[in-house]
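*Asks:* The following block contains the structure, expressed as structure tokens.
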Amino acid sequence: MTAEAPLAPALHHGRLIPVTVHFDDLDALGLLHNARYPLLVERAWTELWQEKGIRFEGDWAAAGDACNAVRELRIGYEVPVTRAGTYAVHLWLERLGRTGLTYGFRFCSEDGTVTYARGSRVLVRLDAATLRPTPWSEAFRDAGRELLRPAG
């Protein structure tokens, strides 16, 4: 008997970013290791923000909106990934505040129809000198609004 992942609704918000699961991402049982899901989600977000001109290039003082820290991470595993290959991460923003944001994600099949894991993460934008919360730039907020999940 095999477990089947629940089907996801059509993609109406956010972005679907391709990711690759490699053989060495699998654990001794041949399952995607639980610690790899957040890593693959992070890589997807990095790619998405880089497309929008937001990137970290080694200088925290110049990093701007890329100078941020994780406040909270939640993830639920629904169905195991059992092989290497191409998958996707569905990314969206749940909330875009003045100094923080909450994003949602699904680790899913390449076409987005099968969900293997889902979760959310809270980020806080930091001032590079003080490491205290500071507001997102207007450019970042504009880019973020495109990713907001519609209310309802």
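Residue numbering restarts at 1 in every chain; chains get A, B, ... in the order shown in the structure tokens, and ligands count up from 1 in that same order.
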Give me, as a ChimeraX atom specification, the residues of chain A that a backbone DSSP run labels strand (DSSP E or B).
*Replies:* /A:7,15-21,26,32,68-77,85-96,100-109,114-126,133,148
*Asks:* Keeping only C-alpha atoms, take the residues you just selected and write them out as a PDB file, in the first residue's frame.
*Replies:*
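File again30.pdb, as written:
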```
ATOM      1  CA  LEU A   7      -4.124  17.280  -4.171  1.00  0.00           C
ATOM      2  CA  ARG A  15       4.857  31.659  -7.187  1.00  0.00           C
ATOM      3  CA  LEU A  16       5.924  28.113  -7.964  1.00  0.00           C
ATOM      4  CA  ILE A  17       9.741  27.784  -7.964  1.00  0.00           C
ATOM      5  CA  PRO A  18      11.411  24.577  -9.223  1.00  0.00           C
ATOM      6  CA  VAL A  19      13.835  22.827  -6.832  1.00  0.00           C
ATOM      7  CA  THR A  20      15.918  19.694  -7.181  1.00  0.00           C
ATOM      8  CA  VAL A  21      16.117  16.898  -4.642  1.00  0.00           C
ATOM      9  CA  LEU A  26      17.623  11.372   1.127  1.00  0.00           C
ATOM     10  CA  LEU A  32      13.862  13.294   1.855  1.00  0.00           C
ATOM     11  CA  ASN A  68      16.699  39.838   8.089  1.00  0.00           C
ATOM     12  CA  ALA A  69      16.378  37.015  10.581  1.00  0.00           C
ATOM     13  CA  VAL A  70      13.992  34.144  11.116  1.00  0.00           C
ATOM     14  CA  ARG A  71      11.766  34.545  14.150  1.00  0.00           C
ATOM     15  CA  GLU A  72       9.666  31.415  13.714  1.00  0.00           C
ATOM     16  CA  LEU A  73       9.483  28.373  11.448  1.00  0.00           C
ATOM     17  CA  ARG A  74       6.619  25.889  11.316  1.00  0.00           C
ATOM     18  CA  ILE A  75       6.448  22.899   9.026  1.00  0.00           C
ATOM     19  CA  GLY A  76       4.152  19.924   8.741  1.00  0.00           C
ATOM     20  CA  TYR A  77       5.104  16.847   6.779  1.00  0.00           C
ATOM     21  CA  GLY A  85      14.199  14.580  -8.927  1.00  0.00           C
ATOM     22  CA  THR A  86      12.543  17.876  -9.750  1.00  0.00           C
ATOM     23  CA  TYR A  87       9.916  19.242  -7.381  1.00  0.00           C
ATOM     24  CA  ALA A  88       8.670  22.748  -6.645  1.00  0.00           C
ATOM     25  CA  VAL A  89       8.092  25.110  -3.759  1.00  0.00           C
ATOM     26  CA  HIS A  90       4.916  27.191  -3.815  1.00  0.00           C
ATOM     27  CA  LEU A  91       5.692  30.499  -2.074  1.00  0.00           C
ATOM     28  CA  TRP A  92       3.443  33.352  -0.974  1.00  0.00           C
ATOM     29  CA  LEU A  93       3.141  36.036   1.679  1.00  0.00           C
ATOM     30  CA  GLU A  94       0.474  35.697   4.350  1.00  0.00           C
ATOM     31  CA  ARG A  95       1.282  39.034   5.984  1.00  0.00           C
ATOM     32  CA  LEU A  96       3.515  41.964   5.106  1.00  0.00           C
ATOM     33  CA  GLY A 100       8.217  41.719   9.618  1.00  0.00           C
ATOM     34  CA  LEU A 101       6.424  39.341   7.350  1.00  0.00           C
ATOM     35  CA  THR A 102       4.936  35.880   7.404  1.00  0.00           C
ATOM     36  CA  TYR A 103       5.235  33.690   4.382  1.00  0.00           C
ATOM     37  CA  GLY A 104       3.589  30.425   3.566  1.00  0.00           C
ATOM     38  CA  PHE A 105       5.026  27.589   1.556  1.00  0.00           C
ATOM     39  CA  ARG A 106       4.202  24.177   0.171  1.00  0.00           C
ATOM     40  CA  PHE A 107       6.823  21.643  -0.883  1.00  0.00           C
ATOM     41  CA  CYS A 108       5.063  20.035  -3.821  1.00  0.00           C
ATOM     42  CA  SER A 109       5.259  18.184  -7.087  1.00  0.00           C
ATOM     43  CA  VAL A 114       0.688  17.222  -4.963  1.00  0.00           C
ATOM     44  CA  THR A 115       1.656  18.603  -1.535  1.00  0.00           C
ATOM     45  CA  TYR A 116       4.351  16.817   0.491  1.00  0.00           C
ATOM     46  CA  ALA A 117       4.859  19.414   3.232  1.00  0.00           C
ATOM     47  CA  ARG A 118       3.560  22.849   4.133  1.00  0.00           C
ATOM     48  CA  GLY A 119       4.475  25.536   6.573  1.00  0.00           C
ATOM     49  CA  SER A 120       5.129  29.148   7.382  1.00  0.00           C
ATOM     50  CA  ARG A 121       8.027  31.302   8.470  1.00  0.00           C
ATOM     51  CA  VAL A 122       8.182  34.695  10.153  1.00  0.00           C
ATOM     52  CA  LEU A 123      11.023  37.046   9.159  1.00  0.00           C
ATOM     53  CA  VAL A 124      12.073  40.327  10.761  1.00  0.00           C
ATOM     54  CA  ARG A 125      13.964  43.003   8.806  1.00  0.00           C
ATOM     55  CA  LEU A 126      17.016  44.098  10.820  1.00  0.00           C
ATOM     56  CA  PRO A 133      13.855  45.625  13.731  1.00  0.00           C
ATOM     57  CA  LEU A 148       0.299  38.394  -0.926  1.00  0.00           C
TER      58      LEU A 148
END
```
*Asks:* Can you pull out every residue from region 13-140 of chain A that DSSP, working from the backbone, puts in alpha helix (DSSP H), and format the result as a PyMOL selection string?
*Replies:* chain A and resi 36-51+138-140
*Asks:* Could you work out how far CA of Ala44 (chain A) lies from CA of Asp27 (chain A), giving the answer in Å with one decimal?
*Replies:* 21.3 Å
*Asks:* Could you jot down the CA of Gly97 (chain A) to CA of Thr134 (chain A) separation for me, Å, one decimal place?
*Replies:*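 Straight-line distance from CA of Gly97 (chain A) to CA of Thr134 (chain A) works out to 10.9 Å.
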*Asks:* Which of these residues is nearest to Phe140 (chain A), using only C-alpha atoms: A:Tyr37, A:Phe23, A:Trp60, A:Trp49?
*Replies:*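 Checking each of A:Tyr37, A:Phe23, A:Trp60, A:Trp49 against Phe140 (chain A), counting only C-alpha atoms, the winner is A:Trp49.
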*Asks:* Which residue, A:Ala61, A:Ala28, A:Ala143, A:Ile54, has the smallest gap to Gly14 (chain A) when you use only C-alpha atoms?
*Replies:*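 Among A:Ala61, A:Ala28, A:Ala143, A:Ile54, it is A:Ala143 that comes nearest to Gly14 (chain A).
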*Asks:* Just the number, please: distance in Å from CA of Ala84 (chain A) to CA of His33 (chain A), one decimal.
*Replies:*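 About the pair CA of Ala84 (chain A) and CA of His33 (chain A): they are 11.5 Å apart.
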